[in-house]
Amino acid sequence: MKKPYTLLLPILIVWSMLWIACRKDPIPLPLPDPCNPEVFSPAPPDSCADLSDSLRNCCLFYLRTDSLLWYSPRYNPRNPDEIIYTLIFSGKLGGELWKFNLCTGENLRLATDVMLYPNDWSKKGWILFHRTDYQIWKIKDNGDSLQQITNQYANYTPRWLGGGDQFIYYRQKHNDNKWFIRDLDGKVDTLPIRGERQSPSSDGKRLVHAPQFGDNIYLKIYDFETGKISELAKLHISEVGTTISTIEWRDNDQKLLWTCRKGIFQTDVSTGHTEVIVSTPCLSQHYTHLTIAPDEKHFIATRGKTWYEAAIYTEWSNLYLVRFSADASEELRIEVDK
């Protein structure tokens with residue numbers, strides 16, 4: 001006679017095989033999102049004001065109504081979650097340079113007495129910016145090693161080239177305004193480009209600039225290796241509202257993203273074809289100070305409004321930062337003051 005446990009053994013084996021076959025791995029719990037949801041909020045709805053096209057180049061007068069204004073964002077080229085920006089206090093010439101984490105909401109002040117002109121951030125961790133002395137300075141992105149670079153005349157719009165061993169900038173000298181390229185040892189050369197708006201390609205080999213002649217604005221590309229300038233596109237001032245305010249390269253340097261009074265536009269570098277990405281409803285709303293994330297999943301701009309009052313151009317500088325998805329289908333306000 002068989003022992004009882006020998007009879008149970010086949011049953012236990014079959015049951016174990018069925019249990020293993022039918023067992024499902026437990027569904028892992030989602031990891032907590034480290035990002036602060038309060039960093040972003042819905043962008044305000046569009047609104048227009050009575051702003052006459054005939055007066056858009058006349059009678060310029062600025063009236064700042066907000067106590068805090070956010071300008072000049074720039075992405076960290078090594079981290080799509082970090083930006084720098086300039087915080088301006090209404091009624092004061094100089095502001096503050098801040099570093100902001102789009103995920104955690106952490107804010108770090110880097111420098112004071114900063115002008116609202118665009119800043120730039122290199123892959124080596126150095127930031128170029130302007131101070132109220134109209135000179136260009138640099139500082140490490142942790143707030144250390146503040147250094148003055150230029151020391152005479154008025155200098156603007158510095159941009160790093162390639163890896164960050166050279167930069168370009170615009171200098172005003174007794175109506176003799178020129179662009180220069182400078183290395184970290186202080187060697188300076190003149191660049192044969194015109195216009196106050198420019199942007200170097202990611203590899204530092206080309207430079208797009210937007211000079212204006214009469215009623216036409218041109219997108220031109222300067223090649224550092226050949227020294228030649230080629231015309232990419234010709235735009236009438238009526239197409240852009242006033243002038244191009246900022247330009248950036250995207251899609252592996254195959255396209256240009258640029259801002260003007262009439263919205264945000266994109267130009268194909270190979271064909272010159274230009275299309276609107278974000279259209280503003282009227283000249284009273286505009287975007288400027290564009291920056292594109294290093295992974296190109298988002299881009300950020302400064303958004304502002306203008307009202308026309310009493311036969312003057314009155315700038316109610318309700319300026320804040322907004323982040324777009326890559327295709328501009330989503331626009332969110334960045335709450336840097338949270």
# chains A, B, ... in the order shown; residues from 1 in each chain; ligands from 1
$ residues_around --residues "Arg74 (chain A)" --least-positions-apart "5" --cutoff "7 Å" --atoms "only C-alpha atoms" --output "PyMOL selection string"
chain A and resi 83-85+119-121+291
$ write_last_selection --atoms "N, CA and C atoms" --output "PDB file, in the first residue's frame"
ATOM      1  N   ILE A  83      17.421  76.698 -16.749  1.00  0.00           N
ATOM      2  CA  ILE A  83      17.538  77.914 -17.547  1.00  0.00           C
ATOM      3  C   ILE A  83      18.151  79.010 -16.674  1.00  0.00           C
ATOM      4  N   ILE A  84      18.626  80.056 -17.333  1.00  0.00           N
ATOM      5  CA  ILE A  84      18.927  81.304 -16.651  1.00  0.00           C
ATOM      6  C   ILE A  84      17.968  82.351 -17.204  1.00  0.00           C
ATOM      7  N   TYR A  85      17.751  83.405 -16.445  1.00  0.00           N
ATOM      8  CA  TYR A  85      16.900  84.498 -16.898  1.00  0.00           C
ATOM      9  C   TYR A  85      17.305  85.762 -16.160  1.00  0.00           C
ATOM     10  N   ASN A 119      21.511  86.778 -22.638  1.00  0.00           N
ATOM     11  CA  ASN A 119      22.686  86.154 -22.033  1.00  0.00           C
ATOM     12  C   ASN A 119      23.014  84.885 -22.808  1.00  0.00           C
ATOM     13  N   ASP A 120      24.118  84.231 -22.471  1.00  0.00           N
ATOM     14  CA  ASP A 120      24.431  82.957 -23.100  1.00  0.00           C
ATOM     15  C   ASP A 120      25.162  82.048 -22.126  1.00  0.00           C
ATOM     16  N   TRP A 121      24.979  80.732 -22.328  1.00  0.00           N
ATOM     17  CA  TRP A 121      25.473  79.701 -21.412  1.00  0.00           C
ATOM     18  C   TRP A 121      26.282  78.702 -22.226  1.00  0.00           C
ATOM     19  N   THR A 291      14.779  80.718 -26.699  1.00  0.00           N
ATOM     20  CA  THR A 291      15.838  79.757 -26.399  1.00  0.00           C
ATOM     21  C   THR A 291      15.273  78.350 -26.566  1.00  0.00           C
TER      22      THR A 291
END
$ residues_around --residues "Arg261 (chain A)" --least-positions-apart "2" --cutoff "7 Å" --atoms "only C-alpha atoms" --output "list in words"
Val240, Gly241, Thr242, Gly263, Leu283, His286 and Tyr287 of chain A
$ write_last_selection --atoms "C-alpha atoms" --output "compact mmCIF listing (two decimals), in the first residue's frame"
# COMPACT_ATOMS: atom_id res chain seq x y z
CA VAL A 240 7.15 90.58 -39.45
CA GLY A 241 5.56 93.68 -37.85
CA THR A 242 8.75 95.60 -37.03
CA GLY A 263 4.67 85.72 -33.83
CA LEU A 283 0.79 93.70 -32.65
CA HIS A 286 4.53 89.65 -28.94
CA TYR A 287 7.26 87.10 -28.21
$ atom_distance --atom1 "CA of Glu331 (chain A)" --atom2 "CA of His130 (chain A)"
28.7 Å
$ residues_around --residues "Asn155 (chain A)" --least-positions-apart "6" --cutoff "12 Å" --atoms "only C-alpha atoms" --output "list in words"
Met115, Tyr117, Pro118, Leu128, Phe129, His130, Arg131, Thr132, Asp133, Tyr134, Gln135, Ile136, Trp137, Gln148, Ile149, Ile168, Tyr169, Tyr170, Arg171, Gln172, Lys173, Asn177, Lys178, Trp179, Phe180 and Glu196 of chain A
$ closest_atom_pairs --of "region 236-300 of chain A" --to "region 204-214 of chain A" --cutoff "12 Å" --atoms "only C-alpha atoms" --output "Markdown table"
| residue | atom | partner | partner_atom | distance |
| --- | --- | --- | --- | --- |
| A:His236 | CA | A:Gly214 | CA | 9.2 |
| A:Ile237 | CA | A:Gly214 | CA | 8.8 |
| A:Ser238 | CA | A:Gly214 | CA | 11.9 |
| A:Val240 | CA | A:Gln212 | CA | 11.9 |
| A:Thr242 | CA | A:Gln212 | CA | 10.3 |
| A:Thr243 | CA | A:Gln212 | CA | 7.9 |
| A:Ile244 | CA | A:Ala210 | CA | 7.0 |
| A:Ser245 | CA | A:Ala210 | CA | 9.1 |
| A:Thr246 | CA | A:Ala210 | CA | 9.2 |
| A:Ile247 | CA | A:Val208 | CA | 7.8 |
| A:Glu248 | CA | A:Val208 | CA | 8.6 |
| A:Trp249 | CA | A:Val208 | CA | 8.7 |
| A:Asp253 | CA | A:Arg206 | CA | 9.4 |
| A:Gln254 | CA | A:Arg206 | CA | 11.6 |
| A:Lys255 | CA | A:Val208 | CA | 10.9 |
| A:Leu256 | CA | A:Val208 | CA | 8.7 |
| A:Leu257 | CA | A:Val208 | CA | 11.0 |
| A:Trp258 | CA | A:Ala210 | CA | 10.2 |
| A:Thr259 | CA | A:Ala210 | CA | 11.5 |
| A:Cys260 | CA | A:Ala210 | CA | 11.6 |
| A:Thr267 | CA | A:Val208 | CA | 11.4 |
| A:Val269 | CA | A:Val208 | CA | 9.9 |
$ write_last_selection --atoms "N, CA and C atoms" --output "CSV table (one decimal), in the first residue's frame"
chain,number,residue,atom,x,y,z
A,236,HIS,N,9.7,91.4,-46.2
A,236,HIS,CA,9.2,92.7,-46.1
A,236,HIS,C,8.8,93.0,-44.6
A,237,ILE,N,9.0,94.3,-44.2
A,237,ILE,CA,8.7,94.6,-42.8
A,237,ILE,C,7.3,94.4,-42.5
A,238,SER,N,6.4,94.4,-43.4
A,238,SER,CA,4.9,94.1,-43.2
A,238,SER,C,4.7,92.7,-42.8
A,240,VAL,N,6.7,90.9,-40.8
A,240,VAL,CA,7.1,90.6,-39.4
A,240,VAL,C,6.7,91.6,-38.4
A,242,THR,N,7.7,94.6,-37.2
A,242,THR,CA,8.8,95.6,-37.0
A,242,THR,C,10.1,95.0,-37.5
A,243,THR,N,10.7,94.2,-36.7
A,243,THR,CA,12.0,93.6,-37.0
A,243,THR,C,12.1,92.3,-36.3
A,244,ILE,N,13.1,91.5,-36.7
A,244,ILE,CA,13.3,90.2,-36.0
A,244,ILE,C,14.0,90.5,-34.7
A,245,SER,N,13.5,89.9,-33.6
A,245,SER,CA,14.1,90.2,-32.3
A,245,SER,C,15.1,89.1,-31.9
A,246,THR,N,14.8,87.9,-32.1
A,246,THR,CA,15.8,86.8,-31.7
A,246,THR,C,15.7,85.7,-32.8
A,247,ILE,N,16.8,85.0,-32.9
A,247,ILE,CA,16.9,83.9,-33.9
A,247,ILE,C,17.7,82.7,-33.2
A,248,GLU,N,17.2,81.5,-33.4
A,248,GLU,CA,17.9,80.3,-32.9
A,248,GLU,C,17.9,79.2,-33.9
A,249,TRP,N,18.9,78.3,-33.9
A,249,TRP,CA,19.0,77.2,-34.8
A,249,TRP,C,18.3,76.0,-34.1
A,253,ASP,N,20.6,72.0,-36.8
A,253,ASP,CA,21.0,73.2,-37.6
A,253,ASP,C,20.4,73.2,-39.0
A,254,GLN,N,19.3,72.6,-39.2
A,254,GLN,CA,18.6,72.5,-40.5
A,254,GLN,C,17.5,73.6,-40.6
A,255,LYS,N,17.1,74.1,-39.4
A,255,LYS,CA,16.0,75.1,-39.4
A,255,LYS,C,16.4,76.3,-38.5
A,256,LEU,N,15.7,77.4,-38.7
A,256,LEU,CA,15.9,78.6,-37.8
A,256,LEU,C,14.5,78.9,-37.2
A,257,LEU,N,14.5,79.2,-35.9
A,257,LEU,CA,13.3,79.6,-35.2
A,257,LEU,C,13.6,81.1,-34.8
A,258,TRP,N,12.6,82.0,-35.2
A,258,TRP,CA,12.9,83.4,-34.9
A,258,TRP,C,11.6,84.1,-34.5
A,259,THR,N,11.7,85.2,-33.7
A,259,THR,CA,10.6,85.9,-33.2
A,259,THR,C,10.5,87.3,-33.8
A,260,CYS,N,9.3,87.8,-33.8
A,260,CYS,CA,9.0,89.2,-34.3
A,260,CYS,C,7.6,89.6,-33.7
A,267,THR,N,12.3,79.0,-40.5
A,267,THR,CA,12.8,79.1,-41.8
A,267,THR,C,13.7,77.9,-42.1
A,269,VAL,N,16.8,76.1,-43.6
A,269,VAL,CA,18.1,76.6,-44.0
A,269,VAL,C,18.4,76.2,-45.4
$ residues_around --residues "Lys234 (chain A)" --least-positions-apart "3" --cutoff "10 Å" --atoms "only C-alpha atoms" --output "number ranges by chain"
A: 210, 212, 216-220, 231, 237, 272
$ write_last_selection --atoms "N, CA, C and O atoms" --output "mmCIF file, in the first residue's frame"
data_model
loop_
_atom_site.group_PDB
_atom_site.id
_atom_site.type_symbol
_atom_site.label_atom_id
_atom_site.label_comp_id
_atom_site.auth_asym_id
_atom_site.auth_seq_id
_atom_site.Cartn_x
_atom_site.Cartn_y
_atom_site.Cartn_z
ATOM 1 N N ALA A 210 20.460 89.109 -39.133
ATOM 2 C CA ALA A 210 19.254 89.661 -39.755
ATOM 3 C C ALA A 210 19.375 91.169 -39.942
ATOM 4 O O ALA A 210 18.752 91.949 -39.212
ATOM 5 N N GLN A 212 18.722 94.872 -41.694
ATOM 6 C CA GLN A 212 17.568 95.513 -42.318
ATOM 7 C C GLN A 212 18.034 96.639 -43.227
ATOM 8 O O GLN A 212 18.851 97.468 -42.841
ATOM 9 N N ASN A 216 13.025 96.149 -45.993
ATOM 10 C CA ASN A 216 13.280 94.710 -46.120
ATOM 11 C C ASN A 216 14.232 94.225 -45.025
ATOM 12 O O ASN A 216 15.199 94.906 -44.676
ATOM 13 N N ILE A 217 13.929 93.037 -44.520
ATOM 14 C CA ILE A 217 14.774 92.378 -43.529
ATOM 15 C C ILE A 217 15.304 91.093 -44.163
ATOM 16 O O ILE A 217 14.551 90.353 -44.810
ATOM 17 N N TYR A 218 16.590 90.841 -43.991
ATOM 18 C CA TYR A 218 17.230 89.698 -44.639
ATOM 19 C C TYR A 218 17.724 88.702 -43.590
ATOM 20 O O TYR A 218 18.242 89.097 -42.542
ATOM 21 N N LEU A 219 17.559 87.437 -43.882
ATOM 22 C CA LEU A 219 18.221 86.386 -43.124
ATOM 23 C C LEU A 219 19.452 85.969 -43.920
ATOM 24 O O LEU A 219 19.328 85.477 -45.051
ATOM 25 N N LYS A 220 20.632 86.186 -43.349
ATOM 26 C CA LYS A 220 21.878 85.860 -44.040
ATOM 27 C C LYS A 220 22.729 84.959 -43.157
ATOM 28 O O LYS A 220 22.679 85.047 -41.929
ATOM 29 N N GLU A 231 22.677 84.771 -48.779
ATOM 30 C CA GLU A 231 21.337 85.242 -48.417
ATOM 31 C C GLU A 231 20.366 84.074 -48.379
ATOM 32 O O GLU A 231 20.237 83.322 -49.338
ATOM 33 N N ILE A 237 9.000 94.259 -44.194
ATOM 34 C CA ILE A 237 8.719 94.610 -42.812
ATOM 35 C C ILE A 237 7.251 94.362 -42.454
ATOM 36 O O ILE A 237 6.921 94.082 -41.295
ATOM 37 N N GLY A 272 15.113 78.107 -47.620
ATOM 38 C CA GLY A 272 14.677 79.463 -47.321
ATOM 39 C C GLY A 272 13.184 79.583 -47.090
ATOM 40 O O GLY A 272 12.674 80.683 -46.828
#
